[in-house]
file entry_39.cif (mmCIF, C-alpha atoms)
data_query
#
loop_
_atom_site.label_atom_id
_atom_site.label_comp_id
_atom_site.auth_asym_id
_atom_site.auth_seq_id
_atom_site.Cartn_x
_atom_site.Cartn_y
_atom_site.Cartn_z
CA MET G 1 13.14 2.80 -33.94
CA VAL G 2 15.42 3.64 -31.07
CA ARG G 3 13.33 5.29 -28.46
CA PHE G 4 13.26 5.14 -24.69
CA LYS G 5 9.93 3.71 -23.61
CA HIS G 6 8.41 4.84 -20.34
CA ARG G 7 5.56 3.92 -18.10
CA TYR G 8 3.45 6.60 -16.45
CA LEU G 9 1.87 5.70 -13.09
CA LEU G 10 -1.19 7.73 -12.18
CA CYS G 11 -1.68 7.80 -8.39
CA GLU G 12 -3.97 9.49 -5.95
CA ILE G 13 -2.71 10.52 -2.53
CA VAL G 14 -5.35 9.80 0.08
CA SER G 15 -5.03 11.30 3.52
CA GLU G 16 -7.21 12.01 6.51
CA ASP G 17 -5.48 15.21 7.44
CA PRO G 18 -6.68 18.18 5.36
CA ARG G 19 -3.40 20.02 5.88
CA CYS G 20 -1.58 17.29 4.01
CA ARG G 21 -2.79 18.71 0.71
CA GLN G 22 -0.80 21.88 1.22
CA CYS G 23 2.47 20.09 1.70
CA ILE G 24 2.21 17.97 -1.44
CA ASP G 25 4.92 19.11 -3.77
CA GLU G 26 7.13 17.44 -6.33
CA ARG G 27 10.22 17.09 -4.20
CA ALA G 28 8.41 15.55 -1.24
CA VAL G 29 6.54 13.04 -3.38
CA GLY G 30 9.64 12.08 -5.35
CA ALA G 31 11.68 11.66 -2.20
CA ALA G 32 9.00 9.51 -0.58
CA ALA G 33 8.77 7.25 -3.64
CA LYS G 34 12.55 6.81 -3.88
CA GLU G 35 12.85 6.06 -0.18
CA ALA G 36 10.14 3.41 -0.44
CA VAL G 37 11.92 1.77 -3.38
CA ALA G 38 15.20 1.80 -1.45
CA ARG G 39 13.57 0.16 1.57
CA THR G 40 11.80 -2.50 -0.48
CA HIS G 41 14.26 -3.38 -3.22
CA GLY G 42 17.53 -2.08 -1.83
CA ASP G 43 20.31 -0.34 -3.68
CA TYR G 44 19.66 -2.22 -6.93
CA GLY G 45 16.03 -1.15 -7.00
CA LEU G 46 16.81 2.46 -6.22
CA ALA G 47 19.44 2.59 -8.95
CA CYS G 48 17.17 1.01 -11.58
CA CYS G 49 14.16 3.17 -10.88
CA SER G 50 15.97 6.48 -10.71
CA ILE G 51 17.29 6.27 -14.28
CA SER G 52 14.48 8.29 -15.76
CA PHE G 53 12.34 8.99 -12.76
CA THR G 54 10.42 12.25 -12.51
CA VAL G 55 7.17 13.55 -11.13
CA LYS G 56 5.48 14.77 -14.28
CA TYR G 57 2.22 16.23 -12.99
CA LEU G 58 0.95 17.16 -9.58
CA ASN G 59 -2.40 18.53 -8.48
CA ALA G 60 -2.42 19.53 -4.85
CA TYR G 61 -6.19 20.11 -4.66
CA THR G 62 -7.21 16.62 -5.75
CA GLY G 63 -4.02 14.84 -4.74
CA ILE G 64 -3.28 13.39 -8.19
CA VAL G 65 0.32 12.56 -9.04
CA LEU G 66 1.82 11.31 -12.30
CA LEU G 67 5.15 9.50 -12.00
CA ARG G 68 7.37 8.44 -14.87
CA CYS G 69 9.95 5.67 -15.00
CA ARG G 70 11.55 3.33 -17.51
CA LYS G 71 9.36 0.56 -18.91
CA ASP G 72 11.76 -2.17 -17.83
CA PHE G 73 11.67 -1.23 -14.17
CA TYR G 74 8.16 0.03 -13.62
CA ARG G 75 7.20 -3.05 -11.63
CA LEU G 76 9.85 -2.29 -9.03
CA LEU G 77 8.47 1.20 -8.57
CA TRP G 78 4.84 0.06 -8.62
CA SER G 79 5.37 -2.64 -6.01
CA ALA G 80 7.11 -0.18 -3.68
CA LEU G 81 4.26 2.38 -3.76
CA PRO G 82 2.02 0.50 -1.24
CA PHE G 83 4.78 0.79 1.34
CA ILE G 84 4.66 4.59 1.49
CA THR G 85 3.05 5.61 4.75
CA TYR G 86 3.86 9.28 5.12
CA LEU G 87 4.99 12.37 3.25
CA GLU G 88 7.60 14.59 4.80
CA ASN G 89 7.96 18.28 4.05
CA ARG G 90 9.75 20.97 6.06
CA ASN G 91 10.12 18.57 9.00
CA GLN G 92 6.40 17.89 9.21
CA ARG G 93 5.11 14.39 8.68
CA TYR G 94 1.68 13.72 7.27
CA SER G 95 0.48 10.14 7.08
CA CYS G 96 -1.16 9.18 3.85
CA PHE G 97 -1.23 6.41 1.30
CA PHE G 98 -0.87 6.17 -2.46
CA ASN G 99 -3.68 4.65 -4.47
CA THR G 100 -2.68 3.68 -7.99
CA LEU G 101 -5.36 4.51 -10.53
CA HIS G 102 -3.85 3.77 -13.92
CA VAL G 103 -0.62 2.71 -15.64
CA GLY G 104 -0.11 4.04 -19.15
CA GLY G 105 2.55 4.17 -21.79
CA THR G 106 1.99 7.79 -22.74
CA ILE G 107 0.87 10.93 -20.99
CA ARG G 108 -2.11 11.22 -23.31
CA THR G 109 -3.67 7.90 -22.20
CA CYS G 110 -3.24 8.88 -18.58
CA GLN G 111 -4.87 12.21 -19.30
CA LYS G 112 -7.87 10.54 -20.95
CA PHE G 113 -8.29 8.25 -17.96
CA LEU G 114 -7.96 11.18 -15.58
CA VAL G 115 -10.72 13.11 -17.34
CA GLN G 116 -13.11 10.15 -17.05
CA TYR G 117 -12.12 9.58 -13.43
CA ASN G 118 -12.73 13.21 -12.53
CA ARG G 119 -16.15 13.04 -14.09
CA LYS G 120 -17.04 10.04 -11.93
CA GLN G 121 -15.69 11.82 -8.87
CA LEU G 122 -17.91 14.83 -9.63
CA LEU G 123 -20.93 12.53 -9.67
CA LEU G 124 -19.90 11.08 -6.33
CA LEU G 125 -19.43 14.53 -4.85
CA LEU G 126 -22.89 15.51 -6.08
CA HIS G 127 -24.27 12.54 -4.23
CA ASN G 128 -22.50 13.34 -1.00
CA CYS G 129 -22.64 17.11 -0.81
CA THR G 130 -24.61 18.76 1.94
CA SER G 131 -25.27 22.44 1.24
CA GLU G 132 -27.43 23.75 -1.58
CA GLU G 133 -24.80 26.09 -3.04
CA GLU G 134 -22.25 23.30 -3.30
CA ARG G 135 -24.85 21.19 -5.04
CA GLN G 136 -25.62 23.88 -7.59
CA SER G 137 -21.97 24.60 -8.33
CA ILE G 138 -21.23 20.90 -8.84
CA GLN G 139 -24.26 20.54 -11.11
CA LYS G 140 -23.09 23.50 -13.16
CA SER G 141 -19.62 22.08 -13.63
CA LEU G 142 -21.07 18.66 -14.56
CA LEU G 143 -23.35 20.20 -17.14
CA SER G 144 -20.53 22.28 -18.60
CA CYS G 145 -18.22 19.30 -19.10
CA CYS G 146 -20.98 17.15 -20.57
CA LEU G 147 -22.11 19.89 -22.94
CA LYS G 148 -18.53 20.40 -24.06
CA GLU G 149 -18.35 16.74 -25.02
CA VAL G 150 -21.58 16.96 -27.00
CA GLU G 151 -20.35 20.09 -28.80
CA GLU G 152 -17.09 18.40 -29.77
CA GLU G 153 -18.95 15.43 -31.21
CA GLN G 154 -21.28 17.70 -33.17
CA SER G 155 -18.41 19.71 -34.64
CA GLN G 156 -16.60 16.52 -35.65
CA SER G 157 -19.64 15.09 -37.41
CA GLY G 158 -20.27 18.53 -39.00
CA ASP G 159 -16.76 18.51 -40.48
CA GLU G 160 -17.28 15.03 -41.88
CA GLU G 161 -20.53 16.07 -43.53
CA ASP G 162 -18.83 19.08 -45.12
CA ASP G 163 -16.06 16.87 -46.50
CA CYS G 164 -18.58 14.43 -47.95
CA ALA G 165 -20.55 17.29 -49.54
CA GLU G 166 -17.43 18.67 -51.19
CA THR G 167 -16.35 15.33 -52.62
CA ASP G 168 -19.84 14.84 -54.04
CA ILE N 1 -17.16 3.94 16.51
CA GLY N 2 -15.78 7.00 14.72
CA PRO N 3 -12.50 5.60 13.37
CA THR N 4 -14.03 2.22 12.66
CA LYS N 5 -16.70 3.87 10.56
CA LEU N 6 -14.07 5.56 8.44
CA THR N 7 -12.10 2.33 8.21
CA ILE N 8 -15.13 0.64 6.78
CA CYS N 9 -16.08 3.48 4.44
CA LEU N 10 -12.68 3.94 2.91
CA PRO N 11 -12.48 0.65 0.95
CA PHE N 12 -15.53 1.70 -1.00
CA LEU N 13 -14.02 5.03 -1.96
CA VAL N 14 -10.94 3.25 -3.16
CA GLY N 15 -12.75 0.67 -5.26
CA TYR N 16 -13.77 -2.39 -3.30
CA SER N 17 -17.38 -3.56 -3.24
CA THR N 18 -17.54 -5.84 -0.19
CA VAL N 19 -15.99 -5.60 3.25
CA ALA N 20 -15.76 -8.27 5.94
CA ILE N 21 -15.66 -7.29 9.60
CA ASN N 22 -13.48 -9.65 11.56
CA HIS N 23 -13.88 -10.92 15.13
CA VAL N 24 -10.88 -12.73 16.57
CA ILE N 25 -11.34 -15.35 19.28
CA ASP N 26 -8.23 -16.56 21.08
CA PHE N 27 -8.62 -19.72 23.08
CA LYS N 28 -5.62 -19.36 25.31
CA GLU N 29 -7.64 -17.25 27.69
CA LYS N 30 -10.16 -19.07 29.73
CA LYS N 31 -13.81 -19.07 29.07
CA GLN N 32 -14.04 -17.16 25.86
CA GLU N 33 -17.56 -17.09 24.64
CA ILE N 34 -18.32 -16.58 21.02
CA VAL N 35 -20.03 -13.25 20.77
CA LYS N 36 -22.76 -12.27 18.41
CA PRO N 37 -21.51 -10.36 15.42
CA ILE N 38 -22.31 -6.69 15.08
CA SER N 39 -24.94 -6.35 12.45
CA PRO N 40 -24.12 -3.75 9.79
CA SER N 41 -27.37 -1.89 10.32
CA GLU N 42 -26.14 -0.84 13.75
CA LEU N 43 -23.14 0.89 12.26
CA PHE N 44 -24.76 2.64 9.31
CA PRO N 45 -28.26 4.00 9.18
CA SER N 46 -28.02 4.07 5.38
CA LEU N 47 -25.50 2.18 3.33
CA PRO N 48 -23.31 4.28 1.05
CA ILE N 49 -23.07 3.42 -2.62
CA VAL N 50 -20.21 1.65 -4.39
CA GLN N 51 -18.07 3.94 -6.45
CA GLY N 52 -18.59 3.30 -10.14
CA LYS N 53 -21.71 1.20 -9.85
CA SER N 54 -25.09 2.06 -8.43
CA LYS N 55 -25.47 -0.81 -6.03
CA PRO N 56 -25.16 -0.34 -2.27
CA ILE N 57 -22.13 -1.86 -0.59
CA LYS N 58 -22.10 -5.23 1.07
CA ILE N 59 -20.75 -5.84 4.56
CA VAL N 60 -20.22 -9.39 5.75
CA THR N 61 -19.13 -10.68 9.14
CA ARG N 62 -16.26 -13.02 9.76
CA LEU N 63 -14.94 -15.04 12.68
CA THR N 64 -11.30 -15.99 13.19
CA LEU N 65 -10.42 -18.73 15.65
CA VAL N 66 -6.87 -18.84 16.93
CA VAL N 67 -6.35 -22.51 17.73
CA SER N 68 -3.32 -23.92 19.47
CA ASP N 69 -4.92 -27.05 20.92
CA PRO N 70 -7.08 -29.78 19.36
CA SER N 71 -9.78 -29.31 21.97
CA HIS N 72 -10.47 -25.82 20.67
CA CYS N 73 -11.78 -27.26 17.44
CA ASN N 74 -14.76 -28.74 19.21
CA VAL N 75 -16.33 -25.33 19.17
CA LEU N 76 -16.87 -25.68 15.45
CA ARG N 77 -18.66 -28.99 15.80
CA SER N 78 -20.93 -27.78 18.58
CA THR N 79 -24.31 -26.48 17.66
CA SER N 80 -24.07 -23.12 19.33
CA THR N 81 -26.24 -20.68 17.48
CA ASN N 82 -23.82 -17.80 17.44
CA ILE N 83 -21.43 -19.43 15.03
CA ARG N 84 -24.12 -19.73 12.40
CA LEU N 85 -24.59 -15.99 12.35
CA TYR N 86 -21.18 -15.38 10.84
CA ASP N 87 -20.81 -15.42 7.06
CA ILE N 88 -17.20 -16.56 6.87
CA ILE N 89 -15.29 -18.71 9.36
CA ALA N 90 -11.52 -18.71 9.41
CA VAL N 91 -9.07 -20.69 11.48
CA PHE N 92 -5.53 -19.80 12.45
CA PRO N 93 -3.59 -22.99 13.21
CA LYS N 94 -0.46 -22.82 15.30
CA THR N 95 0.95 -26.31 15.00
CA GLU N 96 1.45 -28.75 12.18
CA LYS N 97 -1.11 -31.25 13.45
CA LEU N 98 -3.74 -28.55 13.66
CA PHE N 99 -2.88 -27.41 10.15
CA HIS N 100 -3.40 -30.96 8.94
CA VAL N 101 -6.70 -31.26 10.78
CA ALA N 102 -7.89 -27.91 9.47
CA CYS N 103 -7.14 -28.87 5.88
CA THR N 104 -8.83 -32.23 6.06
CA ASN N 105 -11.66 -32.25 8.57
CA LEU N 106 -12.66 -28.89 9.87
CA ASP N 107 -15.59 -27.10 8.33
CA VAL N 108 -14.05 -23.71 7.64
CA ASP N 109 -13.72 -21.37 4.67
CA LEU N 110 -10.28 -19.90 5.22
CA ILE N 111 -7.00 -20.88 6.77
CA CYS N 112 -4.90 -17.94 7.92
CA ILE N 113 -1.20 -18.16 7.40
CA ASN N 114 0.91 -16.50 10.03
CA VAL N 115 2.97 -13.70 8.60
CA THR N 116 4.37 -12.11 11.72
CA GLU N 117 6.81 -14.80 12.81
CA LYS N 118 8.88 -17.58 11.38
CA LEU N 119 6.58 -20.52 10.76
CA PRO N 120 7.11 -23.29 13.29
CA PHE N 121 6.20 -25.92 10.74
CA TYR N 122 6.80 -26.55 7.07
CA PHE N 123 3.98 -26.95 4.60
CA ARG N 124 3.58 -30.41 3.17
CA ARG N 125 1.92 -31.17 -0.11
CA PRO N 126 -0.80 -33.74 0.86
CA PRO N 127 -2.79 -31.58 3.32
CA VAL N 128 -2.48 -28.54 1.07
CA ASN N 129 -3.80 -30.48 -1.92
CA MET N 130 -6.66 -31.81 0.15
CA ALA N 131 -7.58 -28.29 1.22
CA ILE N 132 -7.56 -27.12 -2.40
CA ASP N 133 -9.88 -29.98 -3.37
CA ARG N 134 -12.28 -29.12 -0.56
CA GLY N 135 -12.40 -25.50 -1.64
CA ILE N 136 -10.61 -23.98 1.32
CA TYR N 137 -8.55 -20.86 0.68
CA PHE N 138 -5.34 -19.70 2.29
CA GLU N 139 -5.15 -16.16 3.47
CA LEU N 140 -2.18 -13.81 3.57
CA LEU N 141 -2.20 -10.48 5.34
CA TYR N 142 -0.37 -7.45 4.03
CA THR N 143 -0.80 -4.85 6.77
CA PRO N 144 2.10 -6.03 8.97
CA ALA N 145 4.34 -5.72 5.92
CA ILE N 146 3.45 -2.06 5.61
CA LYS N 147 4.13 -1.34 9.25
CA ASP N 148 7.37 -3.04 10.06
CA SER N 149 10.53 -4.13 8.25
CA THR N 150 11.18 -7.45 10.03
CA MET N 151 7.57 -8.47 9.56
CA ARG N 152 7.98 -7.69 5.88
CA ARG N 153 10.75 -10.29 5.66
CA TYR N 154 8.70 -12.94 7.44
CA THR N 155 5.66 -12.16 5.28
CA ILE N 156 7.58 -12.61 2.05
CA SER N 157 9.42 -15.75 3.15
CA ASN N 158 6.27 -17.45 4.44
CA ALA N 159 4.32 -16.43 1.36
CA LEU N 160 6.99 -17.76 -0.98
CA SER N 161 7.17 -21.10 0.80
CA LEU N 162 3.38 -21.41 0.53
CA MET N 163 3.53 -20.58 -3.17
CA GLN N 164 6.03 -23.31 -3.86
CA ILE N 165 3.69 -25.91 -2.43
CA CYS N 166 0.34 -24.78 -3.71
CA LYS N 167 1.49 -23.27 -7.05
CA GLY N 168 -0.53 -20.11 -6.54
CA LYS N 169 -3.99 -21.64 -6.33
CA ASN N 170 -6.57 -20.81 -3.70
CA ILE N 171 -4.87 -17.76 -2.28
CA ILE N 172 -6.47 -14.58 -1.10
CA ILE N 173 -4.69 -11.48 0.09
CA SER N 174 -6.39 -9.35 2.69
CA SER N 175 -5.61 -6.53 5.02
CA ALA N 176 -6.07 -6.62 8.77
CA ALA N 177 -6.41 -2.86 8.83
CA GLU N 178 -7.34 -1.29 12.11
CA ARG N 179 -6.97 2.24 10.92
CA PRO N 180 -8.14 3.67 7.58
CA LEU N 181 -4.61 4.61 6.51
CA GLU N 182 -3.44 1.01 6.50
CA LEU N 183 -5.56 0.16 3.52
CA ARG N 184 -4.37 -0.10 -0.08
CA GLY N 185 -6.18 0.00 -3.40
CA PRO N 186 -6.92 -3.12 -5.44
CA TYR N 187 -4.28 -2.42 -8.11
CA ASP N 188 -1.60 -2.07 -5.44
CA VAL N 189 -2.64 -5.22 -3.62
CA ALA N 190 -2.49 -7.22 -6.86
CA ASN N 191 1.03 -5.92 -7.26
CA LEU N 192 1.91 -7.11 -3.77
CA GLY N 193 0.77 -10.52 -4.94
CA LEU N 194 3.50 -10.35 -7.57
CA LEU N 195 6.03 -9.72 -4.80
CA PHE N 196 4.74 -12.79 -2.98
CA GLY N 197 5.49 -14.98 -5.95
CA LEU N 198 2.12 -15.17 -7.68
CA SER N 199 1.81 -14.86 -11.43
CA GLU N 200 0.01 -11.80 -12.72
CA SER N 201 -3.32 -13.52 -13.44
CA ASP N 202 -3.15 -15.34 -10.10
CA ALA N 203 -2.52 -12.09 -8.27
CA LYS N 204 -5.55 -10.42 -9.83
CA ALA N 205 -7.65 -13.48 -9.05
CA ALA N 206 -6.40 -13.42 -5.46
CA ILE N 207 -8.25 -10.21 -4.81
CA SER N 208 -11.32 -10.67 -6.98
CA THR N 209 -12.59 -14.10 -8.00
CA ASN N 210 -11.09 -16.05 -5.09
CA CYS N 211 -12.68 -13.73 -2.55
CA ARG N 212 -16.05 -14.14 -4.18
CA ALA N 213 -15.56 -17.91 -4.07
CA VAL N 214 -14.90 -17.71 -0.33
CA LEU N 215 -18.16 -15.84 0.18
CA LEU N 216 -20.04 -18.45 -1.81
CA HIS N 217 -18.38 -21.23 0.17
CA GLY N 218 -19.53 -19.57 3.37
CA GLU N 219 -23.07 -19.32 2.06
CA THR N 220 -23.25 -22.96 1.05
CA ARG N 221 -21.89 -23.96 4.43
CA LYS N 222 -24.67 -22.00 6.07
CA THR N 223 -27.51 -23.39 4.02
CA ALA N 224 -26.36 -26.99 3.97
CA PHE N 225 -26.95 -27.29 7.68
CA GLY N 226 -30.56 -26.39 7.17
CA VAL N 227 -30.37 -23.16 9.13
CA VAL N 228 -33.23 -20.94 8.21
CA TYR N 229 -32.24 -17.47 7.17
CA THR N 230 -34.75 -15.07 5.76
CA LYS N 231 -34.39 -13.89 2.21
CA LYS N 232 -36.69 -11.87 0.01
CA THR N 233 -37.73 -14.82 -2.13
CA PRO N 234 -38.26 -17.82 0.13
CA ARG N 235 -38.37 -20.28 -2.75
CA ALA N 236 -34.88 -19.33 -3.89
CA SER N 237 -33.39 -20.08 -0.48
CA GLU N 238 -35.00 -23.51 -0.42
CA GLU N 239 -33.47 -24.42 -3.75
CA GLU N 240 -30.10 -23.16 -2.62
CA GLY N 241 -30.38 -25.31 0.48
CA VAL N 242 -31.12 -28.40 -1.55
CA LEU N 243 -28.38 -28.15 -4.16
CA PRO N 244 -25.31 -28.07 -1.89
CA VAL N 245 -26.59 -31.06 0.06
CA ARG N 246 -26.76 -33.05 -3.14
CA LYS N 247 -23.28 -31.93 -4.14
CA LYS N 248 -21.90 -33.08 -0.82
CA ALA N 249 -23.56 -36.46 -1.18
CA LYS N 250 -22.02 -36.96 -4.60
CA THR N 251 -18.47 -36.27 -3.42
CA GLU N 252 -18.84 -38.62 -0.49
CA VAL N 253 -20.04 -41.43 -2.72
#
call {"tool": "encode", "arguments": {"input": "entry_39.cif", "output": "C-alpha cells"}}
result
Amino acid sequence: MVRFKHRYLLCEIVSEDPRCRQCIDERAVGAAAKEAVARTHGDYGLACCSISFTVKYLNAYTGIVLLRCRKDFYRLLWSALPFITYLENRNQRYSCFFNTLHVGGTIRTCQKFLVQYNRKQLLLLLHNCTSEEERQSIQKSLLSCCLKEVEEEQSQSGDEEDDCAETD
Amino acid sequence: IGPTKLTICLPFLVGYSTVAINHVIDFKEKKQEIVKPISPSELFPSLPIVQGKSKPIKIVTRLTLVVSDPSHCNVLRSTSTNIRLYDIIAVFPKTEKLFHVACTNLDVDLICINVTEKLPFYFRRPPVNMAIDRGIYFELLYTPAIKDSTMRRYTISNALSLMQICKGKNIIISSAAERPLELRGPYDVANLGLLFGLSESDAKAAISTNCRAVLLHGETRKTAFGVVYTKKTPRASEEEGVLPVRKKAKTEV
C-alpha cells in the first residue's frame, strides 16, 4: 500500500497572560513551530519538517493545537517544541509554552484522547471553581457528557440484542 | 511569594507529582551559613491535588552546594542540624579533583553537571563508574537551553560527553525554572533527553524512575544517621532506619 504516513502531535498552549488566547491563530502557531525547528535543527530540519506540515485543528478557548508532519521526521518537530517561548501576532509578543499531550498516527486517535482529557479537565475545574453558578454549569456539562456515553452504550447493546433475536 | 507560588503550582497542572525546592549555597562568599529550608506548609495553607490522581502533591526540599575548594566539603561531614532537614543534597563540583572526591567519598545524592560553560575537565570512567555503583545520579538542567543559544550548544556538548562515559545510566533531567513559563511537560522533557543522546527508554526513566530513586536515596541517607523524624507510624520508621544500616555494613564487608 503506498500511502503517506503522518504523525499528529496534540499540544496545549499554556500561558499566564489571558490576552494570549485571542492571538492564537493558525499562522502564528505554524510560524512559531517552524522558527523553533530552524533554530534547533537548522536548514535541514526546517526542510524535512515542512514537507507535509500543517496546523490541523486549533481551539483558541482551551489552547489546544493539532500539528501534522511526516512520520519520518516527527522527532525533529517534537524535540523543537520545548524551545518555543513566545507567540507573535500583529507585532505583539505573548510568552507561552507548548505542552505536548499526545502523539497519534491518525486524527481519530487524537480526538479520542482529547475527549478523555477534556473530561478530566472538567473535573479539575469543578474542584477549583469559586462561584456557585460556575459550579452548577460545570456539573451540568459533566452530567450531559456522561449521560451521552451511557446512552451510546445502551443503544449499542440494544442493537446487538435485536440482531441476536432476529437470527434466533 | 506570588510568582514562586505559581512556579510551584504549574508542574502539577502539567503532570508532575513531586516538586523539589532548591536552595543554592555558594562558598566563594565569606561566611555563608546554611539556612533552614522553607517548609511547604508556610507556602500553601492547603495542598492542591495532583492532576489525574486523587493524592495531594508532594514538595521536597533540596540543597545545592557550589564547591570550588576541598575545604568546602567539610560542611557535609559536620554535624550541623540544618543539613539534616533537607531531603536531597546535591553538589556542584568545579574542578576535576572535586569531581573525583564527590563521586567516591562525599555523602550526596546528586552531582550537578555544569551546562552553562565549557567544562574545564574531562570525565573519566573510574570515578563515574564508582558513582554509579554508589547510587549517585548526575543531573542535567534544561532551562538555560531554552533561554539562550550559546548555552544550548554547551548543554548539548557537555551532555553528550557525559553520555559517552556513563552510557546513559543514572541520569536525571531537571529544570532550574525561576519563572513558571520556563517549565516544560514530561513528554517534552523526555524528548529533550533524546537530543542529549539518551535512548528512548533511558530518557523516560530519566524523568520518572531515576528521580524516584534519588528521593529514596535521600531518605535512606537521612535515616541511616539515626536522625529522628516523626512519621505517622513510628514502628515503620524504626524498621526503615535499621535496614539501610545493614545494607551499608554488607557492602563495606
call {"tool": "interface_residues", "arguments": {"input": "entry_39.cif", "of": "chain N", "to": "chain G", "cutoff": "9 Å", "atoms": "only C-alpha atoms", "output": "list in words"}}
result
Val14, Gln51, Gly52, Ala145, Ile146, Lys147, Ser149, Pro180, Leu181, Glu182, Leu183, Arg184, Gly185, Pro186, Tyr187, Asp188, Val189, Asn191, Leu192, Leu194 and Leu195 of chain N
call {"tool": "atom_distance", "arguments": {"input": "entry_39.cif", "atom1": "CA of Leu125 in chain G", "atom2": "CA of Leu66 in chain G"}}
result
22.7 Å
call {"tool": "closest_residue", "arguments": {"input": "entry_39.cif", "among": "G:Ile24, G:Leu77, G:Cys11, G:Leu126", "to": "Tyr61 in chain G", "atoms": "only C-alpha atoms"}}
result
G:Ile24
call {"tool": "residues_near_point", "arguments": {"input": "entry_39.cif", "point": "(1.1, -27.6, 13.1)", "cutoff": "12 Å", "atoms": "all atoms listed in the file", "output": "VMD selection string"}}
result
chain N and resid 67 to 70 92 to 103 113 to 114 119 to 124 127
call {"tool": "residues_around", "arguments": {"input": "entry_39.cif", "residues": "His6 in chain G", "least_positions_apart": "2", "cutoff": "9 Å", "atoms": "only C-alpha atoms", "output": "list in words"}}
result
Phe4, Tyr8, Ser52, Arg68, Cys69, Arg70, Lys71, Asp72, Tyr74, Gly104, Gly105 and Thr106 of chain G
call {"tool": "atom_distance", "arguments": {"input": "entry_39.cif", "atom1": "CA of Pro126 in chain N", "atom2": "CA of Tyr86 in chain N"}}
result
29.2 Å
call {"tool": "residues_around", "arguments": {"input": "entry_39.cif", "residues": "range 197-209 of chain N", "least_positions_apart": "4", "cutoff": "10 Å", "atoms": "all atoms listed in the file", "output": "VMD selection string"}}
result
chain N and resid 16 137 139 to 140 156 to 157 159 to 164 167 to 174 186 to 187 189 to 193 213 to 214
call {"tool": "atom_distance", "arguments": {"input": "entry_39.cif", "atom1": "CA of Met151 in chain N", "atom2": "CA of Val37 in chain G"}}
result
17.1 Å
call {"tool": "resolve_selection", "arguments": {"input": "entry_39.cif", "expression": "the PyMOL selection byres ((chain G and resi 59) around 12)", "output": "list in words"}}
result
Leu10, Cys11, Glu12, Ile13, Arg21, Gln22, Cys23, Ile24, Asp25, Glu26, Val29, Val55, Lys56, Tyr57, Leu58, Ala60, Tyr61, Thr62, Gly63, Ile64, Val65, Leu66 and Leu114 of chain G
call {"tool": "decode", "arguments": {"input": "entry_39.cif", "residues": "range 165-176 of chain N", "atoms": "N, CA and C atoms", "output": "PDB file, in the first residue's frame"}}
result
ATOM      1  N   ILE N 165      30.501   8.452  28.448  1.00  0.00           N
ATOM      2  CA  ILE N 165      31.204   7.780  29.533  1.00  0.00           C
ATOM      3  C   ILE N 165      30.272   6.895  30.338  1.00  0.00           C
ATOM      4  N   CYS N 166      29.077   7.387  30.625  1.00  0.00           N
ATOM      5  CA  CYS N 166      28.251   6.625  31.558  1.00  0.00           C
ATOM      6  C   CYS N 166      27.205   5.791  30.852  1.00  0.00           C
ATOM      7  N   LYS N 167      27.135   5.833  29.524  1.00  0.00           N
ATOM      8  CA  LYS N 167      26.220   5.003  28.735  1.00  0.00           C
ATOM      9  C   LYS N 167      24.759   5.198  29.138  1.00  0.00           C
ATOM     10  N   GLY N 168      24.411   6.402  29.576  1.00  0.00           N
ATOM     11  CA  GLY N 168      23.008   6.697  29.801  1.00  0.00           C
ATOM     12  C   GLY N 168      22.436   6.254  31.130  1.00  0.00           C
ATOM     13  N   LYS N 169      23.259   5.707  32.008  1.00  0.00           N
ATOM     14  CA  LYS N 169      22.721   5.279  33.301  1.00  0.00           C
ATOM     15  C   LYS N 169      22.770   6.418  34.302  1.00  0.00           C
ATOM     16  N   ASN N 170      21.878   6.354  35.273  1.00  0.00           N
ATOM     17  CA  ASN N 170      21.955   7.294  36.405  1.00  0.00           C
ATOM     18  C   ASN N 170      21.912   8.752  35.997  1.00  0.00           C
ATOM     19  N   ILE N 171      21.012   9.079  35.090  1.00  0.00           N
ATOM     20  CA  ILE N 171      20.905  10.485  34.674  1.00  0.00           C
ATOM     21  C   ILE N 171      19.533  10.985  35.055  1.00  0.00           C
ATOM     22  N   ILE N 172      19.455  12.201  35.576  1.00  0.00           N
ATOM     23  CA  ILE N 172      18.141  12.823  35.659  1.00  0.00           C
ATOM     24  C   ILE N 172      18.204  14.193  34.985  1.00  0.00           C
ATOM     25  N   ILE N 173      17.082  14.568  34.419  1.00  0.00           N
ATOM     26  CA  ILE N 173      16.993  15.862  33.747  1.00  0.00           C
ATOM     27  C   ILE N 173      16.052  16.720  34.578  1.00  0.00           C
ATOM     28  N   SER N 174      16.479  17.925  34.916  1.00  0.00           N
ATOM     29  CA  SER N 174      15.593  18.755  35.716  1.00  0.00           C
ATOM     30  C   SER N 174      15.673  20.191  35.227  1.00  0.00           C
ATOM     31  N   SER N 175      14.706  20.962  35.653  1.00  0.00           N
ATOM     32  CA  SER N 175      14.687  22.350  35.234  1.00  0.00           C
ATOM     33  C   SER N 175      15.055  23.217  36.416  1.00  0.00           C
ATOM     34  N   ALA N 176      15.766  24.275  36.171  1.00  0.00           N
ATOM     35  CA  ALA N 176      16.070  25.236  37.231  1.00  0.00           C
ATOM     36  C   ALA N 176      15.174  26.437  37.021  1.00  0.00           C
TER      37      ALA N 176
END
